[in-house]
Amino acid sequence: MLSSAKTPCVDDLSTLCSQVYKATGNEWLAGSANWLLTKPLKILMIVVIAFVVRLILRRLINRVTTLPKSNGRLPALLRPLRERAPEVLGSAIIERRRQRAQTIGSVLKSMATFLIYGLAFILVLGELGLNLGPIIASAGIIGVAIGFGAQNLVKDFLSGIFMMVEDQYGVGDVVDIGEATGTVEAVGLRITTLRDLKGTVWYVRNGEVLRVGNSSQGFAVAVVDVPLGYTADVERATTVLGEAASTATESDALKDNVLEPPEMLGVESVTPEGLQLRLTVKVRPGKQWAVQRALRAQLLAALEEAGFDPPLGRLFPNSVSSVAEKK
């Protein structure tokens, strides 16, 4: 009676079922050995392998996103990517590279975690004998719903990823992004932080940035407009300004920031107060404002030493306005 009611696998001596029955004499345990021992071990192995693979990948990502001891080198992750960071940023370039590498690294870590644990979850469900078709379909519908509900957030993250990879701007750059203009203090996947000349901190969503004007890439141009009276000798004034600009750019205060000799462009505009002569100098990125201020002061002083009178509008502003009011 008992032998006829035995579980079929008990008679197969090569199976785990037979071994369990031989050790315990319990047919239920023998028949459930696959569920009680084999499947839990497989599930545990899947979880352990997923955890180990994730740990190895995260350590590898940390290694390639860490700045080497030599400050002049890029992290290994950034070496294949294009970098537009100007060398004149000095210590700011280190922070820029660190943030860029860490941000891209965090994206890679999140993607690795999602893929590895997602695959492990599917394998575990398969071991439990569940039908994965409806689950995958439901996950797809939920993902679409979340995508529509958080489309602005997704847009910010995608824009941040491309901005990081392309190195459109970074820490230390002076940028104009439309609503705000200032120096970049921090860059993230969702938010870029700027500080303007007045000290105000601006937090700008990356998905809302439609265009970026970066004043800190490659080189910059210092533009100096010098006012001149109508009666002045323009040719002589041009010669005086050119010589003064050459002398100023060769001084110790400016020569490190100047890339090319100054260029006199001549008369830029004619106003009711006088003429405007324009001079340009190619300088290092981010140094155009300092060079402009220094040149403007020295060029005006050179004109006065050469005997040129300032425009009437600058010399007698109150008189001109009072005459206009009487008329």
# chains A, B, ... in the order shown; residues from 1 in each chain; ligands from 1

call {"tool": "residues_around", "arguments": {"residues": "region 177-182 of chain A", "least_positions_apart": "6", "cutoff": "6 Å", "atoms": "only C-alpha atoms", "output": "list of chain:residue names"}}
result
A:Leu194, A:Arg195, A:Asp196, A:Val212

call {"tool": "residues_around", "arguments": {"residues": "Asn257 (chain A)", "least_positions_apart": "6", "cutoff": "12 Å", "atoms": "only C-alpha atoms", "output": "JSON, numbers by chain"}}
result
{"A": [87, 88, 219, 220, 221, 222, 248, 249, 250, 251, 281, 282, 283, 284, 285, 286, 287, 288, 289, 290, 291, 292, 294]}

call {"tool": "residues_around", "arguments": {"residues": "Pro227 (chain A)", "least_positions_apart": "3", "cutoff": "12 Å", "atoms": "only C-alpha atoms", "output": "PDB file with N, CA and C atoms, in the first residue's frame"}}
result
ATOM      1  N   VAL A 224      37.224  97.885 -26.398  1.00  0.00           N
ATOM      2  CA  VAL A 224      37.333  99.173 -25.720  1.00  0.00           C
ATOM      3  C   VAL A 224      36.889 100.269 -26.689  1.00  0.00           C
ATOM      4  N   TYR A 230      34.460 115.972 -32.045  1.00  0.00           N
ATOM      5  CA  TYR A 230      34.339 116.116 -33.504  1.00  0.00           C
ATOM      6  C   TYR A 230      35.555 116.795 -34.121  1.00  0.00           C
ATOM      7  N   ALA A 232      38.629 116.604 -33.285  1.00  0.00           N
ATOM      8  CA  ALA A 232      39.903 115.902 -33.074  1.00  0.00           C
ATOM      9  C   ALA A 232      40.423 115.322 -34.380  1.00  0.00           C
ATOM     10  N   VAL A 234      41.390 112.401 -36.152  1.00  0.00           N
ATOM     11  CA  VAL A 234      41.123 110.970 -35.963  1.00  0.00           C
ATOM     12  C   VAL A 234      42.352 110.130 -36.275  1.00  0.00           C
ATOM     13  N   ALA A 237      44.777 110.479 -33.462  1.00  0.00           N
ATOM     14  CA  ALA A 237      44.245 109.814 -32.275  1.00  0.00           C
ATOM     15  C   ALA A 237      44.369 108.299 -32.391  1.00  0.00           C
ATOM     16  N   THR A 238      44.153 107.793 -33.594  1.00  0.00           N
ATOM     17  CA  THR A 238      44.290 106.358 -33.815  1.00  0.00           C
ATOM     18  C   THR A 238      45.722 105.902 -33.561  1.00  0.00           C
ATOM     19  N   LEU A 241      46.385 105.986 -29.743  1.00  0.00           N
ATOM     20  CA  LEU A 241      45.721 104.881 -29.041  1.00  0.00           C
ATOM     21  C   LEU A 241      46.399 103.550 -29.336  1.00  0.00           C
ATOM     22  N   GLY A 266      39.205 101.623 -35.756  1.00  0.00           N
ATOM     23  CA  GLY A 266      38.828 102.939 -36.284  1.00  0.00           C
ATOM     24  C   GLY A 266      37.534 103.440 -35.685  1.00  0.00           C
ATOM     25  N   VAL A 267      36.828 104.307 -36.423  1.00  0.00           N
ATOM     26  CA  VAL A 267      35.600 104.932 -35.927  1.00  0.00           C
ATOM     27  C   VAL A 267      34.483 103.889 -35.897  1.00  0.00           C
ATOM     28  N   GLU A 268      33.928 103.667 -34.724  1.00  0.00           N
ATOM     29  CA  GLU A 268      32.858 102.689 -34.558  1.00  0.00           C
ATOM     30  C   GLU A 268      31.479 103.320 -34.698  1.00  0.00           C
ATOM     31  N   SER A 269      31.313 104.514 -34.161  1.00  0.00           N
ATOM     32  CA  SER A 269      30.005 105.164 -34.219  1.00  0.00           C
ATOM     33  C   SER A 269      30.169 106.662 -34.091  1.00  0.00           C
ATOM     34  N   VAL A 270      29.131 107.378 -34.508  1.00  0.00           N
ATOM     35  CA  VAL A 270      29.069 108.833 -34.388  1.00  0.00           C
ATOM     36  C   VAL A 270      27.818 109.169 -33.588  1.00  0.00           C
ATOM     37  N   THR A 271      28.004 109.869 -32.478  1.00  0.00           N
ATOM     38  CA  THR A 271      26.900 110.227 -31.592  1.00  0.00           C
ATOM     39  C   THR A 271      26.799 111.746 -31.498  1.00  0.00           C
ATOM     40  N   PRO A 272      25.717 112.262 -30.918  1.00  0.00           N
ATOM     41  CA  PRO A 272      25.599 113.721 -30.743  1.00  0.00           C
ATOM     42  C   PRO A 272      26.720 114.310 -29.898  1.00  0.00           C
ATOM     43  N   GLU A 273      27.315 113.486 -29.033  1.00  0.00           N
ATOM     44  CA  GLU A 273      28.383 113.983 -28.176  1.00  0.00           C
ATOM     45  C   GLU A 273      29.755 113.933 -28.839  1.00  0.00           C
ATOM     46  N   GLY A 274      29.966 113.068 -29.816  1.00  0.00           N
ATOM     47  CA  GLY A 274      31.276 112.954 -30.434  1.00  0.00           C
ATOM     48  C   GLY A 274      31.432 111.658 -31.190  1.00  0.00           C
ATOM     49  N   LEU A 275      32.661 111.209 -31.346  1.00  0.00           N
ATOM     50  CA  LEU A 275      32.986 109.980 -32.067  1.00  0.00           C
ATOM     51  C   LEU A 275      33.354 108.875 -31.081  1.00  0.00           C
ATOM     52  N   GLN A 276      33.251 107.643 -31.549  1.00  0.00           N
ATOM     53  CA  GLN A 276      33.676 106.483 -30.768  1.00  0.00           C
ATOM     54  C   GLN A 276      34.701 105.705 -31.577  1.00  0.00           C
ATOM     55  N   LEU A 277      35.911 105.612 -31.059  1.00  0.00           N
ATOM     56  CA  LEU A 277      36.951 104.792 -31.679  1.00  0.00           C
ATOM     57  C   LEU A 277      37.002 103.444 -30.964  1.00  0.00           C
ATOM     58  N   ARG A 278      37.090 102.377 -31.736  1.00  0.00           N
ATOM     59  CA  ARG A 278      37.070 101.032 -31.137  1.00  0.00           C
ATOM     60  C   ARG A 278      38.417 100.342 -31.308  1.00  0.00           C
ATOM     61  N   LEU A 279      38.821  99.659 -30.213  1.00  0.00           N
ATOM     62  CA  LEU A 279      40.053  98.878 -30.181  1.00  0.00           C
ATOM     63  C   LEU A 279      39.723  97.514 -29.603  1.00  0.00           C
ATOM     64  N   ARG A 296      41.043 100.893 -20.808  1.00  0.00           N
ATOM     65  CA  ARG A 296      40.222 102.105 -20.894  1.00  0.00           C
ATOM     66  C   ARG A 296      40.862 103.257 -20.118  1.00  0.00           C
ATOM     67  N   LEU A 299      44.192 104.355 -21.981  1.00  0.00           N
ATOM     68  CA  LEU A 299      43.978 105.000 -23.273  1.00  0.00           C
ATOM     69  C   LEU A 299      43.457 106.428 -23.115  1.00  0.00           C
ATOM     70  N   LEU A 300      42.539 106.621 -22.166  1.00  0.00           N
ATOM     71  CA  LEU A 300      42.050 107.978 -21.921  1.00  0.00           C
ATOM     72  C   LEU A 300      43.171 108.887 -21.417  1.00  0.00           C
ATOM     73  N   LEU A 303      45.350 109.907 -24.344  1.00  0.00           N
ATOM     74  CA  LEU A 303      44.746 110.961 -25.171  1.00  0.00           C
ATOM     75  C   LEU A 303      44.901 112.337 -24.518  1.00  0.00           C
ATOM     76  N   GLU A 304      44.693 112.414 -23.234  1.00  0.00           N
ATOM     77  CA  GLU A 304      44.823 113.692 -22.535  1.00  0.00           C
ATOM     78  C   GLU A 304      46.265 114.184 -22.566  1.00  0.00           C
ATOM     79  N   PHE A 308      44.483 115.897 -26.556  1.00  0.00           N
ATOM     80  CA  PHE A 308      43.124 115.767 -27.072  1.00  0.00           C
ATOM     81  C   PHE A 308      42.121 116.168 -25.998  1.00  0.00           C
ATOM     82  N   ASP A 309      41.150 116.984 -26.405  1.00  0.00           N
ATOM     83  CA  ASP A 309      40.090 117.380 -25.481  1.00  0.00           C
ATOM     84  C   ASP A 309      39.000 116.326 -25.466  1.00  0.00           C
ATOM     85  N   PRO A 310      38.394 116.087 -24.292  1.00  0.00           N
ATOM     86  CA  PRO A 310      37.296 115.116 -24.220  1.00  0.00           C
ATOM     87  C   PRO A 310      36.072 115.652 -24.953  1.00  0.00           C
ATOM     88  N   PRO A 311      35.142 114.787 -25.329  1.00  0.00           N
ATOM     89  CA  PRO A 311      33.925 115.235 -26.017  1.00  0.00           C
ATOM     90  C   PRO A 311      33.147 116.221 -25.161  1.00  0.00           C
ATOM     91  N   LEU A 312      32.406 117.116 -25.819  1.00  0.00           N
ATOM     92  CA  LEU A 312      31.652 118.151 -25.115  1.00  0.00           C
ATOM     93  C   LEU A 312      30.599 117.550 -24.197  1.00  0.00           C
ATOM     94  N   GLY A 313      30.003 116.448 -24.636  1.00  0.00           N
ATOM     95  CA  GLY A 313      28.950 115.843 -23.817  1.00  0.00           C
ATOM     96  C   GLY A 313      29.454 115.320 -22.501  1.00  0.00           C
ATOM     97  N   ARG A 314      30.717 114.891 -22.453  1.00  0.00           N
ATOM     98  CA  ARG A 314      31.258 114.398 -21.191  1.00  0.00           C
ATOM     99  C   ARG A 314      31.751 115.539 -20.320  1.00  0.00           C
ATOM    100  N   LEU A 315      32.160 116.641 -20.982  1.00  0.00           N
ATOM    101  CA  LEU A 315      32.765 117.732 -20.230  1.00  0.00           C
ATOM    102  C   LEU A 315      31.716 118.670 -19.637  1.00  0.00           C
TER     103      LEU A 315
END

call {"tool": "atom_distance", "arguments": {"atom1": "CA of Ser246 (chain A)", "atom2": "CA of Val174 (chain A)"}}
result
27.0 Å

call {"tool": "closest_residue", "arguments": {"among": "A:Gly118, A:Leu55, A:Glu305, A:Glu260", "to": "Ile136 (chain A)", "atoms": "only C-alpha atoms"}}
result
A:Gly118

call {"tool": "residues_around", "arguments": {"residues": "region 143-155 of chain A", "least_positions_apart": "2", "cutoff": "12 Å", "atoms": "only C-alpha atoms", "output": "MDAnalysis selection string"}}
result
chainID A and resid 136:141 157:162 189:191 205:209

call {"tool": "write_last_selection", "arguments": {"atoms": "N, CA, C and O atoms", "output": "PDB file, in the first residue's frame"}}
result
ATOM      1  N   ILE A 136       5.621  42.004 -17.063  1.00  0.00           N
ATOM      2  CA  ILE A 136       6.388  42.889 -17.934  1.00  0.00           C
ATOM      3  C   ILE A 136       5.473  43.904 -18.615  1.00  0.00           C
ATOM      4  O   ILE A 136       5.805  45.086 -18.750  1.00  0.00           O
ATOM      5  N   ALA A 137       4.289  43.441 -19.048  1.00  0.00           N
ATOM      6  CA  ALA A 137       3.335  44.360 -19.680  1.00  0.00           C
ATOM      7  C   ALA A 137       2.886  45.438 -18.701  1.00  0.00           C
ATOM      8  O   ALA A 137       2.797  46.623 -19.057  1.00  0.00           O
ATOM      9  N   SER A 138       2.599  45.045 -17.447  1.00  0.00           N
ATOM     10  CA  SER A 138       2.178  46.021 -16.436  1.00  0.00           C
ATOM     11  C   SER A 138       3.297  47.008 -16.133  1.00  0.00           C
ATOM     12  O   SER A 138       3.064  48.212 -15.985  1.00  0.00           O
ATOM     13  N   ALA A 139       4.529  46.504 -16.059  1.00  0.00           N
ATOM     14  CA  ALA A 139       5.668  47.395 -15.803  1.00  0.00           C
ATOM     15  C   ALA A 139       5.830  48.401 -16.938  1.00  0.00           C
ATOM     16  O   ALA A 139       6.158  49.575 -16.707  1.00  0.00           O
ATOM     17  N   GLY A 140       5.593  47.942 -18.172  1.00  0.00           N
ATOM     18  CA  GLY A 140       5.686  48.864 -19.301  1.00  0.00           C
ATOM     19  C   GLY A 140       4.641  49.959 -19.232  1.00  0.00           C
ATOM     20  O   GLY A 140       4.929  51.137 -19.481  1.00  0.00           O
ATOM     21  N   ILE A 141       3.414  49.598 -18.863  1.00  0.00           N
ATOM     22  CA  ILE A 141       2.343  50.598 -18.746  1.00  0.00           C
ATOM     23  C   ILE A 141       2.654  51.580 -17.630  1.00  0.00           C
ATOM     24  O   ILE A 141       2.484  52.800 -17.784  1.00  0.00           O
ATOM     25  N   PHE A 157      16.928  65.783 -16.621  1.00  0.00           N
ATOM     26  CA  PHE A 157      18.011  64.815 -16.469  1.00  0.00           C
ATOM     27  C   PHE A 157      18.695  64.527 -17.804  1.00  0.00           C
ATOM     28  O   PHE A 157      19.930  64.471 -17.876  1.00  0.00           O
ATOM     29  N   LEU A 158      17.917  64.351 -18.863  1.00  0.00           N
ATOM     30  CA  LEU A 158      18.516  64.083 -20.164  1.00  0.00           C
ATOM     31  C   LEU A 158      19.353  65.265 -20.640  1.00  0.00           C
ATOM     32  O   LEU A 158      20.454  65.095 -21.175  1.00  0.00           O
ATOM     33  N   SER A 159      18.825  66.478 -20.431  1.00  0.00           N
ATOM     34  CA  SER A 159      19.591  67.674 -20.816  1.00  0.00           C
ATOM     35  C   SER A 159      20.884  67.765 -20.008  1.00  0.00           C
ATOM     36  O   SER A 159      21.938  68.129 -20.542  1.00  0.00           O
ATOM     37  N   GLY A 160      20.805  67.438 -18.717  1.00  0.00           N
ATOM     38  CA  GLY A 160      22.000  67.466 -17.882  1.00  0.00           C
ATOM     39  C   GLY A 160      23.044  66.454 -18.318  1.00  0.00           C
ATOM     40  O   GLY A 160      24.243  66.744 -18.305  1.00  0.00           O
ATOM     41  N   ILE A 161      22.589  65.276 -18.745  1.00  0.00           N
ATOM     42  CA  ILE A 161      23.537  64.251 -19.194  1.00  0.00           C
ATOM     43  C   ILE A 161      24.270  64.711 -20.442  1.00  0.00           C
ATOM     44  O   ILE A 161      25.505  64.631 -20.527  1.00  0.00           O
ATOM     45  N   PHE A 162      23.532  65.224 -21.433  1.00  0.00           N
ATOM     46  CA  PHE A 162      24.176  65.670 -22.671  1.00  0.00           C
ATOM     47  C   PHE A 162      25.074  66.881 -22.419  1.00  0.00           C
ATOM     48  O   PHE A 162      26.140  67.015 -23.030  1.00  0.00           O
ATOM     49  N   LEU A 189      22.801  67.130 -12.615  1.00  0.00           N
ATOM     50  CA  LEU A 189      22.001  66.579 -13.700  1.00  0.00           C
ATOM     51  C   LEU A 189      20.682  67.312 -13.869  1.00  0.00           C
ATOM     52  O   LEU A 189      20.127  67.350 -14.963  1.00  0.00           O
ATOM     53  N   ARG A 190      20.171  67.924 -12.809  1.00  0.00           N
ATOM     54  CA  ARG A 190      18.882  68.610 -12.914  1.00  0.00           C
ATOM     55  C   ARG A 190      19.007  70.118 -12.809  1.00  0.00           C
ATOM     56  O   ARG A 190      18.258  70.858 -13.450  1.00  0.00           O
ATOM     57  N   ILE A 191      19.952  70.609 -12.009  1.00  0.00           N
ATOM     58  CA  ILE A 191      20.044  72.039 -11.711  1.00  0.00           C
ATOM     59  C   ILE A 191      21.463  72.537 -11.985  1.00  0.00           C
ATOM     60  O   ILE A 191      22.446  71.863 -11.682  1.00  0.00           O
ATOM     61  N   ARG A 205      16.974  75.155 -14.094  1.00  0.00           N
ATOM     62  CA  ARG A 205      16.735  73.777 -14.523  1.00  0.00           C
ATOM     63  C   ARG A 205      17.375  73.546 -15.882  1.00  0.00           C
ATOM     64  O   ARG A 205      17.226  74.345 -16.797  1.00  0.00           O
ATOM     65  N   ASN A 206      18.090  72.436 -16.012  1.00  0.00           N
ATOM     66  CA  ASN A 206      18.801  72.153 -17.262  1.00  0.00           C
ATOM     67  C   ASN A 206      17.858  72.006 -18.448  1.00  0.00           C
ATOM     68  O   ASN A 206      18.204  72.362 -19.572  1.00  0.00           O
ATOM     69  N   GLY A 207      16.654  71.494 -18.208  1.00  0.00           N
ATOM     70  CA  GLY A 207      15.710  71.315 -19.295  1.00  0.00           C
ATOM     71  C   GLY A 207      15.158  72.619 -19.841  1.00  0.00           C
ATOM     72  O   GLY A 207      14.584  72.643 -20.932  1.00  0.00           O
ATOM     73  N   GLU A 208      15.308  73.721 -19.088  1.00  0.00           N
ATOM     74  CA  GLU A 208      14.805  75.018 -19.523  1.00  0.00           C
ATOM     75  C   GLU A 208      15.856  75.836 -20.258  1.00  0.00           C
ATOM     76  O   GLU A 208      15.564  76.932 -20.729  1.00  0.00           O
ATOM     77  N   VAL A 209      17.077  75.332 -20.342  1.00  0.00           N
ATOM     78  CA  VAL A 209      18.156  76.060 -21.023  1.00  0.00           C
ATOM     79  C   VAL A 209      18.080  75.754 -22.514  1.00  0.00           C
ATOM     80  O   VAL A 209      18.331  74.628 -22.953  1.00  0.00           O
TER      81      VAL A 209
END

call {"tool": "closest_residue", "arguments": {"among": "A:Gly188, A:Val171, A:Thr183, A:Leu259", "to": "Gln102 (chain A)", "atoms": "only C-alpha atoms"}}
result
A:Gly188

call {"tool": "select_by_dssp", "arguments": {"residues": "region 145-188 of chain A", "states": "strand (DSSP E)", "output": "PyMOL selection string"}}
result
chain A and resi 174-176+181-187

call {"tool": "residues_around", "arguments": {"residues": "Thr280 (chain A)", "least_positions_apart": "4", "cutoff": "6 Å", "atoms": "only C-alpha atoms", "output": "list in words"}}
result
Ala222, Val223, Pro262 and Glu263 of chain A

call {"tool": "write_last_selection", "arguments": {"atoms": "C-alpha atoms", "output": "PDB file, in the first residue's frame"}}
result
ATOM      1  CA  ALA A 222      38.356  92.746 -24.963  1.00  0.00           C
ATOM      2  CA  VAL A 223      36.495  95.581 -26.705  1.00  0.00           C
ATOM      3  CA  PRO A 262      45.803  94.991 -29.983  1.00  0.00           C
ATOM      4  CA  GLU A 263      43.996  95.985 -33.166  1.00  0.00           C
TER       5      GLU A 263
END

call {"tool": "closest_residue", "arguments": {"among": "A:Ile142, A:Ile56, A:Gly129, A:Met164", "to": "Ile104 (chain A)", "atoms": "only C-alpha atoms"}}
result
A:Met164

call {"tool": "select_by_dssp", "arguments": {"residues": "region 95-206 of chain A", "states": "alpha helix (DSSP H)", "output": "count of residues only"}}
result
67

call {"tool": "atom_distance", "arguments": {"atom1": "CA of Gly229 (chain A)", "atom2": "CA of Leu295 (chain A)"}}
result
19.4 Å
